[in-house]
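Structure file start-v9.cif with mmCIF, C-alpha atoms:
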```cif
data_data
loop_
_atom_site.label_atom_id
_atom_site.label_comp_id
_atom_site.auth_asym_id
_atom_site.auth_seq_id
_atom_site.Cartn_x
_atom_site.Cartn_y
_atom_site.Cartn_z
CA MET A 212 8.59 22.97 3.58
CA ALA A 213 7.22 20.70 0.85
CA LYS A 214 5.79 17.42 2.10
CA ARG A 215 6.63 14.46 -0.12
CA GLN A 216 4.41 11.40 0.13
CA ILE A 217 4.67 8.10 -1.72
CA ILE A 218 1.51 6.01 -1.93
CA LEU A 219 2.90 2.49 -2.20
CA ASP A 220 1.74 -1.06 -2.80
CA THR A 221 3.44 -4.36 -3.55
CA GLU A 222 2.50 -7.74 -4.93
CA THR A 223 4.31 -10.82 -3.71
CA THR A 224 4.79 -14.56 -4.21
CA GLY A 225 2.99 -15.33 -0.93
CA ILE A 226 2.07 -13.89 2.43
CA ASN A 227 5.19 -14.22 4.58
CA PRO A 228 8.80 -13.23 3.77
CA LYS A 229 9.98 -15.47 6.62
CA ASP A 230 8.87 -18.40 4.45
CA GLY A 231 11.07 -17.17 1.62
CA HIS A 232 8.42 -15.22 -0.24
CA ARG A 233 9.52 -12.28 -2.37
CA ILE A 234 8.23 -9.09 -3.97
CA ILE A 235 7.18 -9.36 -7.62
CA GLU A 236 5.73 -5.89 -8.25
CA ILE A 237 6.14 -2.43 -6.73
CA GLY A 238 3.83 0.46 -7.55
CA CYS A 239 4.27 4.00 -6.20
CA VAL A 240 2.46 7.29 -6.76
CA GLU A 241 4.24 10.49 -5.71
CA MET A 242 2.51 13.48 -4.15
CA ILE A 243 4.08 16.72 -2.98
CA ASN A 244 1.87 18.94 -0.83
CA ARG A 245 -1.08 16.70 -1.77
CA ARG A 246 -0.55 17.31 -5.49
CA PHE A 247 0.32 14.51 -7.90
CA THR A 248 3.66 15.03 -9.63
CA GLY A 249 3.56 12.23 -12.21
CA ASN A 250 6.92 11.04 -10.90
CA ASN A 251 5.70 7.52 -10.20
CA PHE A 252 7.66 4.30 -9.76
CA HIS A 253 6.54 0.97 -11.15
CA VAL A 254 8.49 -2.25 -11.68
CA TYR A 255 7.89 -5.97 -12.07
CA ILE A 256 10.52 -8.19 -10.47
CA ASN A 257 11.73 -11.72 -11.10
CA PRO A 258 11.41 -13.29 -7.62
CA GLU A 259 13.79 -16.19 -8.31
CA ARG A 260 11.27 -18.59 -6.82
CA VAL A 261 7.86 -20.11 -7.59
CA ILE A 262 4.78 -17.98 -6.94
CA ASP A 263 2.12 -19.61 -4.76
CA VAL A 264 -1.00 -20.67 -6.65
CA GLU A 265 -3.13 -18.78 -4.13
CA ALA A 266 -1.15 -15.60 -4.79
CA VAL A 267 -1.55 -15.92 -8.56
CA ALA A 268 -5.31 -16.14 -8.01
CA VAL A 269 -5.16 -12.76 -6.25
CA HIS A 270 -2.93 -10.76 -8.61
CA GLY A 271 -2.78 -12.85 -11.77
CA ILE A 272 1.01 -12.55 -12.12
CA THR A 273 2.78 -15.76 -13.13
CA ASN A 274 6.40 -16.88 -13.18
CA GLU A 275 6.19 -16.99 -16.97
CA ARG A 276 5.21 -13.30 -16.98
CA LEU A 277 8.21 -12.42 -14.80
CA LYS A 278 10.94 -14.58 -16.32
CA ASP A 279 12.55 -11.70 -18.23
CA GLU A 280 12.00 -9.02 -15.57
CA PRO A 281 14.92 -7.68 -13.49
CA LYS A 282 15.79 -9.20 -10.13
CA PHE A 283 15.41 -7.02 -7.05
CA ARG A 284 19.12 -6.31 -6.82
CA ALA A 285 18.94 -4.62 -10.23
CA ILE A 286 16.30 -2.10 -9.10
CA ALA A 287 17.22 -1.81 -5.41
CA LYS A 288 19.23 1.42 -5.63
CA SER A 289 16.70 3.27 -7.78
CA PHE A 290 13.89 2.19 -5.44
CA TYR A 291 15.88 3.14 -2.33
CA ASP A 292 16.71 6.56 -3.78
CA TYR A 293 13.09 7.09 -4.79
CA ILE A 294 11.52 6.45 -1.38
CA GLN A 295 14.26 7.85 0.86
CA GLY A 296 13.03 10.64 3.12
CA ALA A 297 9.39 10.40 2.01
CA GLU A 298 6.29 9.56 4.00
CA LEU A 299 5.07 6.19 2.75
CA VAL A 300 1.27 5.90 2.64
CA ILE A 301 0.40 2.18 2.67
CA HIS A 302 -2.73 0.16 3.37
CA ASN A 303 -1.75 -2.48 5.93
CA ALA A 304 1.79 -1.16 6.10
CA ALA A 305 3.18 -4.03 8.17
CA PHE A 306 2.79 -6.35 5.19
CA ASP A 307 4.52 -4.22 2.56
CA VAL A 308 7.20 -2.79 4.86
CA GLY A 309 8.04 -6.29 6.07
CA PHE A 310 8.62 -7.44 2.51
CA ILE A 311 10.62 -4.34 1.57
CA ASN A 312 12.87 -4.70 4.61
CA ASN A 313 13.36 -8.36 3.77
CA GLU A 314 14.40 -7.61 0.19
CA PHE A 315 16.95 -5.01 1.25
CA SER A 316 18.30 -7.22 4.03
CA LEU A 317 18.93 -10.03 1.56
CA LEU A 318 21.21 -7.67 -0.36
CA HIS A 319 22.73 -5.62 2.45
CA PRO A 320 22.08 -6.97 5.97
CA GLN A 321 23.61 -3.81 7.45
CA LEU A 322 21.01 -1.50 5.91
CA PRO A 323 18.63 0.06 8.44
CA PRO A 324 14.92 -0.77 8.17
CA VAL A 325 12.71 1.44 6.03
CA GLU A 326 11.21 3.01 9.15
CA GLN A 327 14.55 4.72 9.84
CA TYR A 328 14.72 6.65 6.56
CA CYS A 329 11.00 7.03 5.79
CA THR A 330 7.96 7.77 7.90
CA ILE A 331 5.03 5.37 7.57
CA LEU A 332 1.34 6.21 7.46
CA ASP A 333 -0.89 3.13 7.61
CA THR A 334 -4.27 3.93 6.05
CA LEU A 335 -5.75 0.73 7.45
CA LEU A 336 -5.10 1.90 11.02
CA LEU A 337 -6.37 5.36 10.07
CA ALA A 338 -9.56 3.88 8.62
CA ARG A 339 -10.15 1.79 11.74
CA GLU A 340 -9.95 4.90 13.88
CA MET A 341 -12.30 6.83 11.60
CA HIS A 342 -14.76 3.96 11.01
CA PRO A 343 -14.64 1.64 14.02
CA GLY A 344 -16.49 -1.62 13.67
CA GLN A 345 -16.80 -1.34 9.89
CA LYS A 346 -15.03 -3.06 7.03
CA ASN A 347 -11.93 -1.11 6.09
CA ASN A 348 -10.29 -3.04 3.28
CA LEU A 349 -9.60 -1.12 0.07
CA ASP A 350 -12.76 -2.28 -1.69
CA ALA A 351 -14.91 -1.28 1.30
CA LEU A 352 -13.28 2.15 1.45
CA CYS A 353 -13.90 2.66 -2.27
CA ARG A 354 -17.58 1.96 -1.71
CA ARG A 355 -17.70 4.24 1.34
CA TYR A 356 -16.08 7.16 -0.49
CA ASP A 357 -17.84 6.52 -3.81
CA ILE A 358 -14.66 5.73 -5.73
CA ASN A 359 -15.14 3.69 -8.91
CA ASN A 360 -12.83 0.68 -8.78
CA SER A 361 -14.80 -1.52 -11.17
CA HIS A 362 -11.66 -1.89 -13.31
CA ARG A 363 -9.91 -3.63 -10.39
CA THR A 364 -10.67 -7.26 -11.23
CA LEU A 365 -7.31 -8.38 -9.84
CA HIS A 366 -4.81 -6.84 -7.44
CA GLY A 367 -2.01 -4.83 -9.05
CA ALA A 368 0.57 -2.74 -7.24
CA LEU A 369 0.37 0.43 -9.33
CA LEU A 370 -3.41 0.23 -9.77
CA ASP A 371 -3.91 -0.31 -6.04
CA ALA A 372 -1.55 2.57 -5.24
CA GLU A 373 -3.56 4.85 -7.53
CA ILE A 374 -6.83 3.79 -5.93
CA LEU A 375 -5.36 4.18 -2.44
CA ALA A 376 -4.24 7.70 -3.33
CA ASP A 377 -7.86 8.63 -4.08
CA VAL A 378 -9.02 6.96 -0.87
CA TYR A 379 -6.37 8.70 1.23
CA LEU A 380 -7.17 12.15 -0.12
CA LEU A 381 -10.87 11.67 0.55
CA MET A 382 -10.22 10.30 4.02
CA THR A 383 -8.09 13.27 4.96
CA GLY A 384 -9.81 16.01 2.94
CA GLY A 385 -8.61 17.71 -0.24
CA GLN A 386 -8.52 17.05 -3.96
CA VAL A 387 -9.56 13.57 -5.00
CA SER A 388 -8.78 13.07 -8.68
CA LEU A 389 -5.92 11.02 -10.07
CA ASN A 390 -6.41 12.73 -13.44
CA LEU A 391 -3.33 14.94 -13.74
CA ALA A 392 -4.84 17.06 -16.51
CA ASN A 393 -7.88 17.85 -14.36
CA GLU A 394 -5.57 18.56 -11.42
CA GLN A 395 -3.80 21.23 -13.47
CA ASP A 396 -7.10 22.73 -14.64
CA SER A 397 -8.38 23.00 -11.09
CA ALA A 398 -5.12 23.99 -9.43
CA ASN A 399 -6.36 27.51 -8.73
CA THR A 400 -9.72 26.55 -7.30
CA GLY A 401 -8.38 25.59 -3.85
CA ASP A 402 -8.97 22.48 -1.81
CA ASN A 403 -12.44 21.52 -0.69
CA PRO A 404 -12.01 19.64 2.57
CA ILE A 405 -14.39 16.74 3.01
CA ALA A 406 -16.29 16.63 6.27
CA ILE A 407 -15.87 13.16 7.75
CA LYS A 408 -18.77 11.95 9.87
CA ARG A 409 -17.61 10.37 13.09
CA SER A 410 -19.52 8.28 15.55
CA GLY A 411 -20.57 10.14 18.67
CA GLY A 412 -22.54 9.73 21.84
CA LEU A 413 -21.37 6.22 22.61
CA ARG A 414 -18.28 5.38 24.53
CA VAL A 415 -15.94 3.17 22.52
CA ILE A 416 -13.61 1.00 24.57
CA ARG A 417 -10.61 0.28 22.39
CA ALA A 418 -8.11 -2.52 22.61
CA SER A 419 -4.54 -1.55 23.46
CA GLU A 420 -2.02 -1.14 20.66
CA PRO A 421 -0.24 -4.44 21.45
CA GLU A 422 -3.60 -6.22 21.47
CA LEU A 423 -4.53 -4.72 18.11
CA VAL A 424 -1.21 -5.65 16.58
CA ALA A 425 -1.43 -9.21 17.86
CA HIS A 426 -5.04 -9.60 16.73
CA TYR A 427 -4.86 -8.06 13.28
CA ALA A 428 -1.38 -8.77 11.95
CA ARG A 429 -1.99 -12.30 10.77
CA LEU A 430 -5.56 -11.65 9.63
CA ASP A 431 -4.44 -8.71 7.51
CA LEU A 432 -1.72 -10.70 5.80
CA VAL A 433 -4.13 -13.47 4.91
CA GLN A 434 -6.81 -11.08 3.65
CA LYS A 435 -4.54 -8.86 1.59
CA LYS A 436 -2.61 -11.45 -0.33
CA GLY A 437 -4.09 -14.82 0.47
CA GLY A 438 -7.80 -14.28 -0.18
CA SER A 439 -10.72 -13.94 2.19
CA CYS A 440 -10.62 -14.04 5.98
CA LEU A 441 -13.83 -14.57 7.96
CA TRP A 442 -12.81 -12.65 11.07
CA ARG A 443 -11.27 -9.61 9.37
CA ASP A 444 -12.95 -6.22 9.03
#
```

With the file now loaded, output its structure as structure tokens.
Amino acid sequence: MAKRQIILDTETTGINPKDGHRIIEIGCVEMINRRFTGNNFHVYINPERVIDVEAVAVHGITNERLKDEPKFRAIAKSFYDYIQGAELVIHNAAFDVGFINNEFSLLHPQLPPVEQYCTILDTLLLAREMHPGQKNNLDALCRRYDINNSHRTLHGALLDAEILADVYLLMTGGQVSLNLANEQDSANTGDNPIAIKRSGGLRVIRASEPELVAHYARLDLVQKKGGSCLWRD
């Protein structure tokens, strides 16, 4: 059976939907059986509120830029239909999923959370398992896997989703290019799994899952959308 994955990223007005912050950009890249389809999803959204200055410094998106963009309710159905049933591949999934659930709940409080109609793969948690004790933000992973992200001067949902797609494929083995023309040219060459070096010989004592969640959740939110965070990997 074909496996459909959506590599997803969002940009927002701030770091916490509980404080009234909203999504302003959604970027998605579709893969089926680890092959890019070109059926991507990208929208800018009028958040109906002021964007935090700190957030603008991260993604460069202003209220003036979004004043004529659709509100979330105008794109909600097409977005819901697009992601339904897929595996969502997200870096620091708690952040993006929290915002997505908030947006849908503002429209239809009875809707189930995303986790009930999609599966979630968090590449940040995956990277921490594969590279314990190392930095695992998206920039660090690009350096580790030799992915050129020099064009990423600011955060952008679609751009970050495209970069994350490259990172994910390299982390898990398989084709690595986002160039669809090259993908078609090399479709008959077969996958070339990447051997991932893992630490060995030393016993690693890991924190429990609740401890990890409690420790990282706030740090990740601050780092991803609010700037730097001294204690974050």

Given all atoms listed in the file as the basis, pick out the residue of A:Glu241, A:Asp357, A:Glu236, A:Glu275 nearest to Ile256 (chain A). A:Glu236

Nearest candidate to Arg245 (chain A) (options A:Gln216, A:Asn360, A:Ser289, A:Gln321; using all atoms listed in the file):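 Of A:Gln216, A:Asn360, A:Ser289, A:Gln321, the one nearest Arg245 (chain A) is A:Gln216, counting all atoms listed in the file.
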
Go through A:Met212, A:Leu335, A:Ile272, A:Leu322 and flag the residue nearest Ala368 (chain A), using only C-alpha atoms for the distances.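 Closest residue, counting only C-alpha atoms: A:Ile272.
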
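Nearest residue to Cys239 (chain A) among A:Gly296, A:Gly384, A:Gly309, A:Gly367 is A:Gly367, counting all atoms listed in the file.
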
What does the distance from CA of His232 (chain A) to CA of Asn347 (chain A) come to in Å, to one decimal? 25.6 Å

Skip Ala338 (chain A) itself and residues of its chain fewer than 3 positions away, then list as a PyMOL selection string all residues within 12 Å of it, counting only C-alpha atoms. chain A and resi 301-303+332-335+341-349+351-353+355-356+375+378-379+381-383+407+409+444

Keeping only C-alpha atoms, write the selected residues to a file as a short mmCIF file (atom, residue, chain, number, x, y, z; two decimals), keeping the file's coordinate frame.
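Printed below is part37.cif as written:
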```
data_model
loop_
_atom_site.label_atom_id
_atom_site.label_comp_id
_atom_site.auth_asym_id
_atom_site.auth_seq_id
_atom_site.Cartn_x
_atom_site.Cartn_y
_atom_site.Cartn_z
CA ILE A 301 0.40 2.18 2.67
CA HIS A 302 -2.73 0.16 3.37
CA ASN A 303 -1.75 -2.48 5.93
CA LEU A 332 1.34 6.21 7.46
CA ASP A 333 -0.89 3.13 7.61
CA THR A 334 -4.27 3.93 6.05
CA LEU A 335 -5.75 0.73 7.45
CA MET A 341 -12.30 6.83 11.60
CA HIS A 342 -14.76 3.96 11.01
CA PRO A 343 -14.64 1.64 14.02
CA GLY A 344 -16.49 -1.62 13.67
CA GLN A 345 -16.80 -1.34 9.89
CA LYS A 346 -15.03 -3.06 7.03
CA ASN A 347 -11.93 -1.11 6.09
CA ASN A 348 -10.29 -3.04 3.28
CA LEU A 349 -9.60 -1.12 0.07
CA ALA A 351 -14.91 -1.28 1.30
CA LEU A 352 -13.28 2.15 1.45
CA CYS A 353 -13.90 2.66 -2.27
CA ARG A 355 -17.70 4.24 1.34
CA TYR A 356 -16.08 7.16 -0.49
CA LEU A 375 -5.36 4.18 -2.44
CA VAL A 378 -9.02 6.96 -0.87
CA TYR A 379 -6.37 8.70 1.23
CA LEU A 381 -10.87 11.67 0.55
CA MET A 382 -10.22 10.30 4.02
CA THR A 383 -8.09 13.27 4.96
CA ILE A 407 -15.87 13.16 7.75
CA ARG A 409 -17.61 10.37 13.09
CA ASP A 444 -12.95 -6.22 9.03
#
```
